[in-house]
file model11.cif (mmCIF, C-alpha atoms and all ligand atoms)
data_protein
#
loop_
_atom_site.label_atom_id
_atom_site.label_comp_id
_atom_site.auth_asym_id
_atom_site.auth_seq_id
_atom_site.Cartn_x
_atom_site.Cartn_y
_atom_site.Cartn_z
CA MET A 1 -15.37 3.47 -22.76
CA ASP A 2 -14.45 4.59 -19.25
CA GLU A 3 -12.94 1.56 -17.56
CA LYS A 4 -13.76 3.01 -14.12
CA ASN A 5 -17.49 2.51 -14.60
CA LEU A 6 -17.32 -1.18 -15.51
CA ASN A 7 -18.48 -3.83 -13.08
CA VAL A 8 -15.89 -5.85 -11.25
CA GLY A 9 -16.29 -9.00 -13.37
CA THR A 10 -15.79 -7.10 -16.61
CA LYS A 11 -12.70 -5.47 -15.10
CA CYS A 12 -11.35 -8.92 -14.15
CA VAL A 13 -11.55 -9.96 -17.79
CA GLN A 14 -10.76 -6.75 -19.64
CA ALA A 15 -9.16 -3.99 -17.57
CA GLY A 16 -5.59 -2.85 -18.04
CA TYR A 17 -4.99 -4.10 -21.56
CA HIS A 18 -6.48 -2.61 -24.71
CA PRO A 19 -4.68 -3.91 -27.78
CA GLY A 20 -4.75 -1.81 -30.91
CA ASN A 21 -5.53 -2.94 -34.43
CA GLY A 22 -3.69 -6.16 -35.21
CA GLU A 23 -2.00 -6.39 -31.79
CA PRO A 24 -2.00 -9.58 -29.71
CA ARG A 25 -5.32 -10.30 -27.98
CA GLU A 26 -3.52 -11.97 -25.10
CA VAL A 27 -1.29 -9.89 -22.79
CA PRO A 28 2.18 -10.24 -24.36
CA ILE A 29 5.03 -11.55 -22.22
CA ILE A 30 7.80 -9.01 -22.71
CA GLN A 31 10.65 -11.29 -21.74
CA SER A 32 13.35 -8.65 -21.93
CA THR A 33 15.55 -7.25 -19.19
CA THR A 34 16.38 -4.19 -21.21
CA PHE A 35 14.98 -1.72 -23.74
CA LYS A 36 16.59 0.05 -26.65
CA TYR A 37 16.97 3.83 -27.12
CA ASN A 38 18.28 5.95 -29.98
CA THR A 39 20.11 8.57 -27.93
CA SER A 40 21.64 8.92 -24.49
CA GLU A 41 19.44 11.99 -23.98
CA ASP A 42 16.31 9.83 -24.42
CA MET A 43 17.56 7.42 -21.81
CA GLY A 44 18.74 10.18 -19.47
CA LYS A 45 15.21 11.56 -19.27
CA LEU A 46 14.01 8.18 -17.97
CA PHE A 47 16.70 8.13 -15.29
CA ASP A 48 15.66 11.62 -14.18
CA LEU A 49 11.97 10.55 -14.10
CA GLU A 50 11.39 13.33 -16.65
CA ALA A 51 9.86 10.89 -19.13
CA SER A 52 8.07 7.62 -18.52
CA GLY A 53 9.24 4.52 -20.30
CA TYR A 54 11.11 1.29 -19.84
CA PHE A 55 14.82 0.83 -19.48
CA TYR A 56 15.41 -2.09 -17.15
CA SER A 57 12.95 -4.72 -15.91
CA ARG A 58 14.10 -4.40 -12.30
CA LEU A 59 12.25 -1.08 -12.28
CA GLN A 60 9.41 -1.61 -14.72
CA ASN A 61 8.30 -4.11 -17.33
CA PRO A 62 5.39 -3.66 -19.76
CA THR A 63 3.76 -7.05 -18.97
CA CYS A 64 3.89 -6.36 -15.23
CA ASP A 65 2.53 -2.84 -15.74
CA ILE A 66 -0.48 -4.13 -17.72
CA VAL A 67 -1.38 -6.55 -14.94
CA ALA A 68 -0.77 -3.90 -12.26
CA ALA A 69 -3.14 -1.57 -14.14
CA LYS A 70 -5.82 -4.28 -14.04
CA ILE A 71 -5.39 -4.66 -10.27
CA ALA A 72 -5.52 -0.86 -9.83
CA ALA A 73 -8.80 -0.82 -11.77
CA LEU A 74 -10.21 -3.69 -9.70
CA GLU A 75 -9.44 -1.93 -6.43
CA GLY A 76 -10.51 1.49 -7.70
CA GLY A 77 -7.01 2.90 -7.17
CA SER A 78 -4.99 5.53 -9.03
CA ALA A 79 -1.82 3.46 -9.54
CA ALA A 80 -0.41 0.03 -8.75
CA MET A 81 2.75 -2.03 -8.98
CA LEU A 82 3.53 -5.72 -8.86
CA THR A 83 6.09 -7.18 -6.48
CA GLY A 84 7.83 -10.53 -6.33
CA SER A 85 5.69 -11.71 -3.40
CA GLY A 86 3.05 -10.64 -0.92
CA GLN A 87 5.81 -10.26 1.65
CA ALA A 88 7.57 -7.76 -0.60
CA ALA A 89 4.27 -5.91 -1.12
CA ASN A 90 3.71 -5.42 2.62
CA PHE A 91 7.36 -4.58 3.24
CA PHE A 92 7.43 -2.01 0.44
CA ALA A 93 4.05 -0.50 1.33
CA THR A 94 5.20 0.19 4.89
CA PHE A 95 8.89 0.91 4.25
CA ASN A 96 7.94 3.44 1.57
CA ILE A 97 6.74 5.79 4.33
CA ALA A 98 8.48 4.61 7.51
CA GLN A 99 12.17 4.57 8.34
CA ALA A 100 14.38 3.98 11.39
CA GLY A 101 12.91 5.86 14.35
CA ASP A 102 9.34 5.63 13.04
CA HIS A 103 6.42 3.60 14.31
CA ILE A 104 3.50 1.72 12.77
CA VAL A 105 0.27 0.52 14.38
CA SER A 106 -0.93 -2.86 13.11
CA SER A 107 -3.81 -5.15 13.83
CA SER A 108 -2.46 -8.18 15.71
CA SER A 109 -4.65 -10.46 13.62
CA ILE A 110 -2.54 -10.72 10.47
CA TYR A 111 -0.76 -13.32 8.37
CA GLY A 112 2.11 -14.98 10.28
CA GLY A 113 4.69 -13.96 7.69
CA THR A 114 3.64 -10.32 7.94
CA PHE A 115 3.71 -10.50 11.74
CA ASN A 116 7.27 -11.80 11.58
CA LEU A 117 8.25 -9.16 9.01
CA PHE A 118 6.94 -6.42 11.29
CA ASN A 119 7.80 -7.81 14.69
CA VAL A 120 11.29 -9.13 13.93
CA THR A 121 12.82 -7.96 10.67
CA MET A 122 11.51 -4.40 10.49
CA ARG A 123 12.19 -3.90 14.19
CA LYS A 124 15.84 -4.76 13.42
CA MET A 125 15.70 -1.92 10.88
CA GLY A 126 14.67 0.46 13.66
CA ILE A 127 10.95 0.63 12.93
CA ASP A 128 8.75 0.10 15.95
CA PHE A 129 5.32 -1.57 15.96
CA THR A 130 2.35 -1.55 18.27
CA PHE A 131 -0.14 -4.36 17.74
CA VAL A 132 -3.79 -3.76 18.54
CA SER A 133 -6.74 -6.13 18.57
CA PRO A 134 -8.76 -6.09 15.34
CA ASP A 135 -11.72 -5.55 17.65
CA CYS A 136 -10.23 -2.59 19.50
CA THR A 137 -12.32 0.50 20.13
CA GLU A 138 -11.65 3.89 18.55
CA GLU A 139 -10.15 5.00 21.85
CA GLU A 140 -7.82 1.98 22.04
CA LEU A 141 -6.64 2.54 18.47
CA GLN A 142 -6.11 6.23 19.17
CA ALA A 143 -4.10 5.38 22.29
CA ALA A 144 -1.71 3.23 20.21
CA ILE A 145 -0.81 6.12 17.90
CA LYS A 146 2.36 8.08 18.75
CA PRO A 147 3.90 11.27 17.36
CA ASN A 148 6.26 9.15 15.20
CA THR A 149 3.53 6.83 13.85
CA LYS A 150 3.51 6.73 10.04
CA ALA A 151 0.76 4.26 9.14
CA VAL A 152 -1.99 1.97 10.39
CA PHE A 153 -2.13 -1.58 9.00
CA GLY A 154 -4.66 -4.43 8.96
CA GLU A 155 -6.14 -7.27 6.88
CA THR A 156 -9.69 -7.20 5.51
CA ILE A 157 -10.09 -10.89 6.42
CA ALA A 158 -7.13 -12.06 8.47
CA ASN A 159 -5.23 -15.18 7.45
CA PRO A 160 -5.79 -17.56 9.21
CA ALA A 161 -7.84 -16.18 12.13
CA LEU A 162 -10.63 -14.98 9.75
CA THR A 163 -11.31 -11.85 11.78
CA VAL A 164 -12.95 -9.08 9.75
CA LEU A 165 -11.55 -5.59 10.22
CA ASP A 166 -13.74 -2.55 10.78
CA ILE A 167 -12.01 -0.73 7.93
CA GLU A 168 -14.13 2.41 8.24
CA MET A 169 -13.30 2.86 11.91
CA PHE A 170 -9.59 2.17 11.37
CA ALA A 171 -9.57 4.67 8.47
CA LYS A 172 -11.37 7.30 10.54
CA VAL A 173 -8.85 7.12 13.39
CA ALA A 174 -5.87 6.95 11.00
CA HIS A 175 -7.07 10.01 9.08
CA LYS A 176 -7.80 11.96 12.25
CA ASN A 177 -4.09 11.56 12.99
CA GLY A 178 -2.91 12.41 9.47
CA LEU A 179 -1.98 8.78 8.73
CA PRO A 180 -2.72 6.46 5.82
CA LEU A 181 -4.50 3.15 6.38
CA ILE A 182 -2.83 0.20 4.62
CA ILE A 183 -5.06 -2.82 4.07
CA ASP A 184 -3.93 -6.28 2.98
CA ASN A 185 -6.92 -7.44 0.92
CA THR A 186 -5.55 -10.85 -0.08
CA PHE A 187 -8.34 -13.08 1.26
CA ALA A 188 -11.31 -10.93 0.27
CA THR A 189 -9.96 -9.92 -3.16
CA PRO A 190 -11.48 -6.84 -4.85
CA VAL A 191 -14.34 -9.06 -6.00
CA ASN A 192 -15.67 -9.30 -2.44
CA CYS A 193 -14.35 -6.09 -0.85
CA ARG A 194 -12.73 -2.92 -2.13
CA PRO A 195 -11.15 -1.36 0.98
CA ILE A 196 -10.61 2.00 -0.75
CA GLU A 197 -14.42 2.43 -0.83
CA PHE A 198 -14.32 2.24 2.99
CA GLY A 199 -11.46 4.71 3.42
CA ALA A 200 -8.28 2.64 2.99
CA ASP A 201 -5.44 4.58 1.35
CA ILE A 202 -3.09 1.79 0.26
CA VAL A 203 -4.14 -1.78 -0.55
CA THR A 204 -1.75 -4.73 -0.74
CA HIS A 205 -2.10 -8.27 -2.03
CA SER A 206 -0.38 -11.58 -2.01
CA THR A 207 -1.38 -12.36 -5.61
CA THR A 208 -0.09 -15.87 -4.87
CA LYS A 209 -3.50 -16.66 -3.39
CA TYR A 210 -6.92 -16.20 -5.05
CA MET A 211 -5.74 -13.73 -7.68
CA ASP A 212 -3.46 -16.32 -9.25
CA GLY A 213 -5.80 -18.95 -7.93
CA HIS A 214 -4.00 -22.02 -9.28
CA GLY A 215 -0.86 -22.14 -7.17
CA SER A 216 1.22 -21.22 -10.21
CA ALA A 217 3.27 -18.16 -9.29
CA VAL A 218 4.30 -16.30 -6.13
CA GLY A 219 3.59 -12.58 -6.40
CA GLY A 220 2.32 -9.43 -4.77
CA ALA A 221 0.76 -6.09 -5.59
CA ILE A 222 0.47 -2.62 -4.07
CA VAL A 223 -2.37 -0.28 -5.01
CA ASP A 224 -2.55 3.43 -4.15
CA SER A 225 -6.00 4.98 -3.75
CA GLY A 226 -4.59 8.35 -4.78
CA LYS A 227 -6.69 9.88 -2.01
CA PHE A 228 -4.11 10.51 0.69
CA ASP A 229 -2.80 14.07 0.75
CA TRP A 230 0.88 13.57 1.61
CA MET A 231 1.66 17.29 1.28
CA ALA A 232 -0.96 18.14 3.91
CA HIS A 233 1.20 16.12 6.35
CA ALA A 234 4.57 16.94 4.79
CA ASP A 235 6.40 16.90 8.13
CA LYS A 236 5.42 13.23 8.65
CA PHE A 237 6.38 12.03 5.17
CA PRO A 238 9.70 13.65 4.20
CA GLY A 239 10.44 10.83 1.76
CA LEU A 240 7.47 11.88 -0.37
CA CYS A 241 7.45 15.60 0.36
CA THR A 242 11.13 16.64 0.21
CA PRO A 243 13.57 16.39 -2.73
CA ASP A 244 15.09 13.00 -3.60
CA GLU A 245 18.74 13.70 -4.40
CA SER A 246 19.10 10.34 -6.13
CA TYR A 247 16.76 11.71 -8.82
CA HIS A 248 18.21 15.22 -9.11
CA GLY A 249 16.02 16.66 -6.42
CA ILE A 250 12.51 15.81 -7.57
CA THR A 251 9.82 15.83 -4.89
CA TYR A 252 7.45 12.90 -5.49
CA ALA A 253 4.31 14.45 -4.01
CA GLU A 254 4.79 17.60 -6.09
CA LYS A 255 5.83 16.03 -9.36
CA PHE A 256 3.47 13.04 -9.40
CA GLY A 257 0.62 14.35 -7.25
CA MET A 258 -1.61 12.41 -4.89
CA GLY A 259 -2.40 9.81 -7.56
CA GLY A 260 1.16 8.92 -8.51
CA ALA A 261 3.61 9.84 -5.75
CA PHE A 262 3.42 6.69 -3.62
CA ILE A 263 3.82 4.12 -6.40
CA THR A 264 6.43 6.18 -8.26
CA LYS A 265 8.60 6.51 -5.15
CA CYS A 266 8.10 2.85 -4.30
CA THR A 267 9.24 1.83 -7.80
CA ALA A 268 11.99 4.42 -8.25
CA GLN A 269 13.59 3.88 -4.83
CA LEU A 270 12.59 0.55 -3.32
CA MET A 271 12.39 -1.55 -6.48
CA ARG A 272 15.58 0.08 -7.74
CA ASP A 273 17.44 -0.69 -4.51
CA LEU A 274 15.82 -3.90 -3.30
CA GLY A 275 14.73 -5.49 -6.57
CA SER A 276 11.81 -7.70 -5.51
CA VAL A 277 10.33 -7.80 -9.00
CA GLN A 278 7.65 -10.07 -10.32
CA SER A 279 8.77 -11.75 -13.52
CA PRO A 280 6.81 -11.09 -16.72
CA GLN A 281 6.09 -14.83 -16.94
CA SER A 282 4.53 -14.76 -13.47
CA ALA A 283 2.56 -11.61 -14.31
CA TYR A 284 1.22 -13.35 -17.41
CA LEU A 285 0.04 -16.30 -15.31
CA LEU A 286 -1.43 -13.89 -12.76
CA ASN A 287 -3.42 -12.19 -15.49
CA ILE A 288 -4.93 -15.50 -16.59
CA GLY A 289 -5.96 -16.05 -12.97
CA LEU A 290 -7.48 -12.58 -12.73
CA GLU A 291 -9.61 -13.21 -15.82
CA SER A 292 -11.67 -15.77 -13.88
CA LEU A 293 -11.34 -14.30 -10.37
CA HIS A 294 -14.98 -13.19 -10.13
CA VAL A 295 -16.26 -16.60 -11.26
CA ARG A 296 -13.94 -18.51 -8.97
CA MET A 297 -14.55 -16.37 -5.87
CA LYS A 298 -18.28 -17.10 -6.10
CA ARG A 299 -17.61 -20.85 -6.07
CA HIS A 300 -14.96 -20.61 -3.31
CA CYS A 301 -17.53 -18.76 -1.17
CA GLU A 302 -20.35 -21.22 -1.90
CA ASN A 303 -18.09 -24.13 -0.96
CA GLY A 304 -16.80 -22.28 2.11
CA LEU A 305 -20.30 -21.68 3.41
CA LYS A 306 -21.47 -25.26 2.78
CA VAL A 307 -18.39 -26.71 4.48
CA ALA A 308 -18.73 -24.27 7.41
CA GLU A 309 -22.40 -25.24 7.85
CA PHE A 310 -21.51 -28.94 7.82
CA LEU A 311 -18.69 -28.47 10.33
CA LYS A 312 -20.98 -26.52 12.63
CA SER A 313 -23.41 -29.44 12.64
CA SER A 314 -20.69 -32.02 13.45
CA ASP A 315 -20.24 -33.20 17.04
CA LYS A 316 -16.53 -33.88 16.31
CA VAL A 317 -15.88 -30.18 15.87
CA SER A 318 -15.59 -27.82 18.85
CA TRP A 319 -15.87 -24.51 17.02
CA VAL A 320 -16.11 -23.05 13.50
CA THR A 321 -15.06 -19.61 12.29
CA TYR A 322 -16.35 -18.40 8.95
CA PRO A 323 -17.37 -14.75 8.61
CA SER A 324 -20.33 -15.49 6.33
CA LEU A 325 -21.75 -18.16 8.66
CA GLU A 326 -24.78 -16.94 10.58
CA GLY A 327 -23.88 -16.59 14.25
CA ASP A 328 -20.18 -16.03 13.53
CA LYS A 329 -18.56 -13.34 15.66
CA TYR A 330 -17.90 -11.33 12.49
CA TYR A 331 -21.18 -12.07 10.70
CA GLU A 332 -22.59 -8.54 11.03
CA ARG A 333 -19.31 -6.91 10.04
CA ALA A 334 -18.99 -9.30 7.09
CA LYS A 335 -22.49 -8.32 5.93
CA LYS A 336 -21.28 -4.73 5.71
CA TYR A 337 -17.82 -5.26 4.23
CA LEU A 338 -18.32 -8.57 2.40
CA PRO A 339 -21.96 -8.66 1.28
CA ASN A 340 -21.27 -11.03 -1.63
CA GLY A 341 -19.29 -13.56 0.39
CA SER A 342 -16.01 -13.62 2.26
CA CYS A 343 -13.60 -16.29 1.00
CA GLY A 344 -13.16 -20.05 0.73
CA VAL A 345 -11.19 -20.45 3.93
CA VAL A 346 -12.86 -21.90 7.01
CA SER A 347 -11.10 -22.26 10.36
CA PHE A 348 -12.23 -24.77 12.96
CA GLY A 349 -11.17 -26.73 15.99
CA VAL A 350 -11.24 -30.52 16.09
CA LYS A 351 -12.38 -31.95 19.42
CA GLY A 352 -9.34 -33.53 21.05
CA GLY A 353 -6.95 -30.70 20.20
CA LYS A 354 -3.67 -31.00 18.34
CA PRO A 355 -3.42 -34.84 18.09
CA ALA A 356 -7.00 -35.10 16.83
CA ALA A 357 -6.39 -32.32 14.31
CA GLU A 358 -3.32 -34.12 13.01
CA LYS A 359 -5.19 -37.45 12.74
CA PHE A 360 -8.07 -35.75 10.95
CA MET A 361 -5.77 -34.14 8.42
CA LYS A 362 -3.91 -37.38 7.73
CA ALA A 363 -7.21 -39.11 6.93
CA LEU A 364 -8.33 -36.57 4.32
CA LYS A 365 -8.31 -37.89 0.75
CA ILE A 366 -9.35 -34.89 -1.37
CA ALA A 367 -7.99 -32.07 0.77
CA ALA A 368 -4.20 -32.04 0.77
CA ILE A 369 -1.91 -30.75 3.52
CA GLU A 370 -0.16 -27.67 2.16
CA THR A 371 1.23 -24.42 3.47
CA HIS A 372 -0.59 -22.87 0.58
CA VAL A 373 -4.10 -21.52 0.78
CA ALA A 374 -6.70 -20.01 -1.50
CA ASP A 375 -6.38 -21.89 -4.76
CA ALA A 376 -8.40 -24.19 -6.97
CA ARG A 377 -7.59 -27.38 -5.04
CA THR A 378 -8.82 -27.83 -1.50
CA CYS A 379 -6.02 -27.85 1.04
CA CYS A 380 -5.60 -27.57 4.77
CA LEU A 381 -3.01 -26.63 7.34
CA HIS A 382 -2.41 -26.77 11.07
CA PRO A 383 -0.89 -23.28 11.61
CA ALA A 384 0.37 -23.90 15.16
CA SER A 385 2.71 -26.60 13.85
CA ALA A 386 3.53 -24.93 10.51
CA THR A 387 3.25 -21.26 9.48
CA HIS A 388 2.97 -19.96 13.04
CA ARG A 389 5.28 -22.38 14.83
CA GLN A 390 7.80 -19.62 15.65
CA LEU A 391 5.22 -17.76 17.74
CA THR A 392 4.97 -18.05 21.51
CA GLU A 393 1.76 -19.29 23.17
CA GLN A 394 0.84 -15.68 24.02
CA GLU A 395 1.55 -14.44 20.50
CA LEU A 396 -0.61 -17.27 19.13
CA ILE A 397 -3.48 -16.19 21.38
CA ASP A 398 -2.94 -12.53 20.42
CA CYS A 399 -3.25 -13.28 16.73
CA GLY A 400 -6.29 -15.48 17.28
CA ILE A 401 -4.78 -18.91 16.61
CA SER A 402 -5.48 -21.73 19.03
CA SER A 403 -3.40 -24.92 18.96
CA ASP A 404 -6.38 -26.94 17.67
CA LEU A 405 -7.06 -24.57 14.74
CA VAL A 406 -7.29 -26.22 11.32
CA ARG A 407 -7.28 -23.84 8.36
CA PHE A 408 -9.36 -25.43 5.64
CA SER A 409 -9.18 -23.78 2.23
CA CYS A 410 -12.12 -24.80 0.05
CA GLY A 411 -11.16 -25.08 -3.59
CA LEU A 412 -13.38 -25.27 -6.64
CA GLU A 413 -14.43 -28.92 -6.34
CA ASP A 414 -18.03 -30.00 -5.66
CA ALA A 415 -19.04 -29.20 -2.10
CA GLU A 416 -20.70 -32.63 -1.71
CA ASP A 417 -17.34 -34.36 -2.27
CA LEU A 418 -15.49 -32.02 0.10
CA ILE A 419 -18.06 -32.63 2.82
CA ALA A 420 -17.97 -36.41 2.33
CA ASP A 421 -14.17 -36.29 2.63
CA ILE A 422 -14.31 -34.22 5.82
CA LYS A 423 -16.98 -36.51 7.26
CA GLN A 424 -14.96 -39.72 6.73
CA ALA A 425 -11.85 -38.05 8.15
CA LEU A 426 -13.70 -36.84 11.25
CA ASP A 427 -15.22 -40.32 11.68
CA SER A 428 -11.72 -41.83 11.63
CA ILE A 429 -10.59 -39.90 14.73
C1 LIG A 501 0.29 -15.30 1.87
C2 LIG A 501 0.01 -13.98 2.42
C3 LIG A 501 1.00 -12.97 2.43
C4 LIG A 501 2.39 -13.23 1.94
O1 LIG A 501 2.37 -13.43 0.57
P1 LIG A 501 3.47 -14.28 -0.23
O2 LIG A 501 3.01 -14.13 -1.64
O3 LIG A 501 3.43 -15.68 0.28
O4 LIG A 501 4.79 -13.63 0.02
C5 LIG A 501 0.65 -11.74 2.93
N1 LIG A 501 -0.58 -11.48 3.39
C6 LIG A 501 -1.55 -12.43 3.41
C7 LIG A 501 -2.89 -12.10 3.94
C8 LIG A 501 -1.29 -13.70 2.91
O5 LIG A 501 -2.25 -14.63 2.94
#
call {"tool": "encode", "arguments": {"input": "model11.cif", "output": "structure tokens"}}
result
Amino acid sequence: MDEKNLNVGTKCVQAGYHPGNGEPREVPIIQSTTFKYNTSEDMGKLFDLEASGYFYSRLQNPTCDIVAAKIAALEGGSAAMLTGSGQAANFFATFNIAQAGDHIVSSSSIYGGTFNLFNVTMRKMGIDFTFVSPDCTEEELQAAIKPNTKAVFGETIANPALTVLDIEMFAKVAHKNGLPLIIDNTFATPVNCRPIEFGADIVTHSTTKYMDGHGSAVGGAIVDSGKFDWMAHADKFPGLCTPDESYHGITYAEKFGMGGAFITKCTAQLMRDLGSVQSPQSAYLLNIGLESLHVRMKRHCENGLKVAEFLKSSDKVSWVTYPSLEGDKYYERAKKYLPNGSCGVVSFGVKGGKPAAEKFMKALKIAAIETHVADARTCCLHPASATHRQLTEQELIDCGISSDLVRFSCGLEDAEDLIADIKQALDSI
């Protein structure tokens, strides 16, 4: 059976792991830091990347690789790796091709943690960023690209602004300039959007969110489409296209080809040196989450739409953003990129601004106040006083977050109960 041709739901349940006769049906947790070899020659081949195999779980672990293979199948990619967090995934995906003196163009409408990673920490490492509106024109995106630009970055559905990216247009401009497009697909998940089908080259995830889906384990993933021809732009990507002396002079793009170079380099260099691994226990939990991802996403989206429709009808609410809500600024784009639904997260403004938003949230009985988002239990957050509190007023505006914005993450409960809870909390203001 060719796994590639399966539908997304079947992949959620089955992809990546095919036990043989008498082997465990459930993905085994290989709780071992190290692996045994008969000869030093056998092990030496692994260190030279001449043979594939396991020697130390900081680089690779069989449980993590099974779950990464499932995520690669879900996204339609050629290879994938797990990371210890979504932050590590976005850091590794960008740092794998950019170094001091380089530049990256990113949508300004991205997760606050990623914005901080780019705008503060990676700048300190000598990598420059230009932020563009997710609604920029082709010309504006083109104008942001410089000779030292190494990648273009954006989120399918931005957390928490819920802007929807025109992935095809971003890919077109990136490719015209010989650059890969990196898409963080955390909120949409591959159930609702597969960015590679629209031209993305690298896809990242915070698996902490819907993929895990139960708030059990922090994690991330990076998927390579295998479609970007690094060698065709060898001058831009020396790390992939010139010999790596720390592995006896192998050249990743030559030895591992378009399908394997990016993930192999990312594992062999960045995981080796920076060590942001996902534990096999976490990968096991992630796999259980993935097995129901397609079923859960449907319910998250149904609840999201019902809650968004209710909020829109309430006179206590000044505005509602939900890409699948008719009349939303991103409704048409969502129909193209997210035809089966967007996500369970709804953003809205409570009339009366910040104090009213805080009062509303305090009065909620089912929805809990959490930094977390995108899991089975409904939760909500006031980003301007939590995740995004380090941003200036202008930066908040640039990333689409007003001070009255409440991010409401619809879980898997019954929509009627969620709406009744919201209604009583709004009435209490
Ligand atoms: C949460 C999140 C991240 C960061 O992931 P962690 O697992 O918390 O490190 C990155 N991107 C998006 C879109 C997210 O929602």
call {"tool": "residues_near_ligand", "arguments": {"input": "model11.cif", "ligand": "ligand LIG 501 (chain A)", "cutoff": "7 Å", "atoms": "only C-alpha atoms and all ligand atoms", "output": "list in words"}}
result
Ser85, Gly86, Gln87, Ala88, Ile110, Tyr111, Gly113, Thr114, Glu155, Ala158, Asn159, Asp184, Asn185, Thr186, Phe187, His205, Ser206, Thr207, Thr208, Lys209, Val218, Gly219 and Gly220 of chain A
call {"tool": "residues_around", "arguments": {"input": "model11.cif", "residues": "A:Trp230", "least_positions_apart": "6", "cutoff": "10 Å", "atoms": "all atoms listed in the file", "output": "NGL selection string"}}
result
:A and (178-180 or 236-241 or 252-254 or 257-258 or 261-262)
call {"tool": "atom_distance", "arguments": {"input": "model11.cif", "atom1": "atom CA of A:Tyr337", "atom2": "atom CA of A:Asp166"}}
result
8.2 Å
call {"tool": "atom_distance", "arguments": {"input": "model11.cif", "atom1": "atom CA of A:Ser292", "atom2": "atom CA of A:Leu412"}}
result
12.1 Å
call {"tool": "closest_residue", "arguments": {"input": "model11.cif", "among": "A:Thr63, A:Gln278, A:Thr83, A:Ser428", "to": "A:Thr204", "atoms": "only C-alpha atoms"}}
result
A:Thr83
call {"tool": "axis_aligned_box", "arguments": {"input": "model11.cif", "around": "stretch 276-294 of chain A", "padding_each_side": "5 Å", "output": "AutoDock Vina command-line options"}}
result
--center_x -1.6 --center_y -12.0 --center_z -11.5 --size_x 36.8 --size_y 18.6 --size_z 21.9
call {"tool": "atom_distance", "arguments": {"input": "model11.cif", "atom1": "atom CA of A:Met169", "atom2": "atom CA of A:Val203"}}
result
16.1 Å
call {"tool": "closest_residue", "arguments": {"input": "model11.cif", "among": "A:Thr33, A:Tyr322, A:Lys150, A:Asn96", "to": "A:His233", "atoms": "all atoms listed in the file"}}
result
A:Lys150
call {"tool": "closest_residue", "arguments": {"input": "model11.cif", "among": "A:Lys255, A:Lys306, A:His382, A:Lys298", "to": "A:Ala368", "atoms": "only C-alpha atoms"}}
result
A:His382
call {"tool": "residues_around", "arguments": {"input": "model11.cif", "residues": "A:Ile397", "least_positions_apart": "2", "cutoff": "12 Å", "atoms": "only C-alpha atoms", "output": "JSON, numbers by chain"}}
result
{"A": [108, 109, 133, 161, 384, 388, 391, 392, 393, 394, 395, 399, 400, 401, 402, 403, 404, 405]}
call {"tool": "residues_around", "arguments": {"input": "model11.cif", "residues": "stretch 135-140 of chain A", "least_positions_apart": "2", "cutoff": "9 Å", "atoms": "only C-alpha atoms", "output": "list in words"}}
result
Ser107, Val132, Ser133, Gln142, Ala143, Ala144, Thr163, Val164, Leu165, Asp166, Met169, Phe170, Lys172 and Val173 of chain A
call {"tool": "residues_around", "arguments": {"input": "model11.cif", "residues": "A:Ser225", "least_positions_apart": "2", "cutoff": "8 Å", "atoms": "only C-alpha atoms", "output": "PyMOL selection string"}}
result
chain A and resi 76-79+196+200-203+223+227-228+259
call {"tool": "residues_around", "arguments": {"input": "model11.cif", "residues": "A:Lys362", "least_positions_apart": "4", "cutoff": "12 Å", "atoms": "only C-alpha atoms", "output": "PyMOL selection string"}}
result
chain A and resi 355-358+366-370+379-382+421-422+424-426+428-429
call {"tool": "write_last_selection", "arguments": {"input": "model11.cif", "atoms": "C-alpha atoms", "output": "PDB file, in the coordinates of the input"}}
result
ATOM      1  CA  PRO A 355      -3.420 -34.840  18.090  1.00  0.00           C
ATOM      2  CA  ALA A 356      -7.000 -35.100  16.830  1.00  0.00           C
ATOM      3  CA  ALA A 357      -6.390 -32.320  14.310  1.00  0.00           C
ATOM      4  CA  GLU A 358      -3.320 -34.120  13.010  1.00  0.00           C
ATOM      5  CA  ILE A 366      -9.350 -34.890  -1.370  1.00  0.00           C
ATOM      6  CA  ALA A 367      -7.990 -32.070   0.770  1.00  0.00           C
ATOM      7  CA  ALA A 368      -4.200 -32.040   0.770  1.00  0.00           C
ATOM      8  CA  ILE A 369      -1.910 -30.750   3.520  1.00  0.00           C
ATOM      9  CA  GLU A 370      -0.160 -27.670   2.160  1.00  0.00           C
ATOM     10  CA  CYS A 379      -6.020 -27.850   1.040  1.00  0.00           C
ATOM     11  CA  CYS A 380      -5.600 -27.570   4.770  1.00  0.00           C
ATOM     12  CA  LEU A 381      -3.010 -26.630   7.340  1.00  0.00           C
ATOM     13  CA  HIS A 382      -2.410 -26.770  11.070  1.00  0.00           C
ATOM     14  CA  ASP A 421     -14.170 -36.290   2.630  1.00  0.00           C
ATOM     15  CA  ILE A 422     -14.310 -34.220   5.820  1.00  0.00           C
ATOM     16  CA  GLN A 424     -14.960 -39.720   6.730  1.00  0.00           C
ATOM     17  CA  ALA A 425     -11.850 -38.050   8.150  1.00  0.00           C
ATOM     18  CA  LEU A 426     -13.700 -36.840  11.250  1.00  0.00           C
ATOM     19  CA  SER A 428     -11.720 -41.830  11.630  1.00  0.00           C
ATOM     20  CA  ILE A 429     -10.590 -39.900  14.730  1.00  0.00           C
TER      21      ILE A 429
END
call {"tool": "closest_residue", "arguments": {"input": "model11.cif", "among": "A:Met231, A:Met43, A:Leu59, A:Ile145", "to": "A:Thr264", "atoms": "only C-alpha atoms"}}
result
A:Leu59
call {"tool": "closest_atom_pairs", "arguments": {"input": "model11.cif", "of": "stretch 71-186 of chain A", "to": "stretch 9-27 of chain A", "cutoff": "9 Å", "atoms": "only C-alpha atoms", "output": "Markdown table"}}
result
| residue | atom | partner | partner_atom | distance |
| --- | --- | --- | --- | --- |
| A:Ile71 | CA | A:Gly16 | CA | 8.0 |
| A:Ala72 | CA | A:Gly16 | CA | 8.4 |
| A:Ala73 | CA | A:Ala15 | CA | 6.6 |
| A:Leu74 | CA | A:Lys11 | CA | 6.2 |
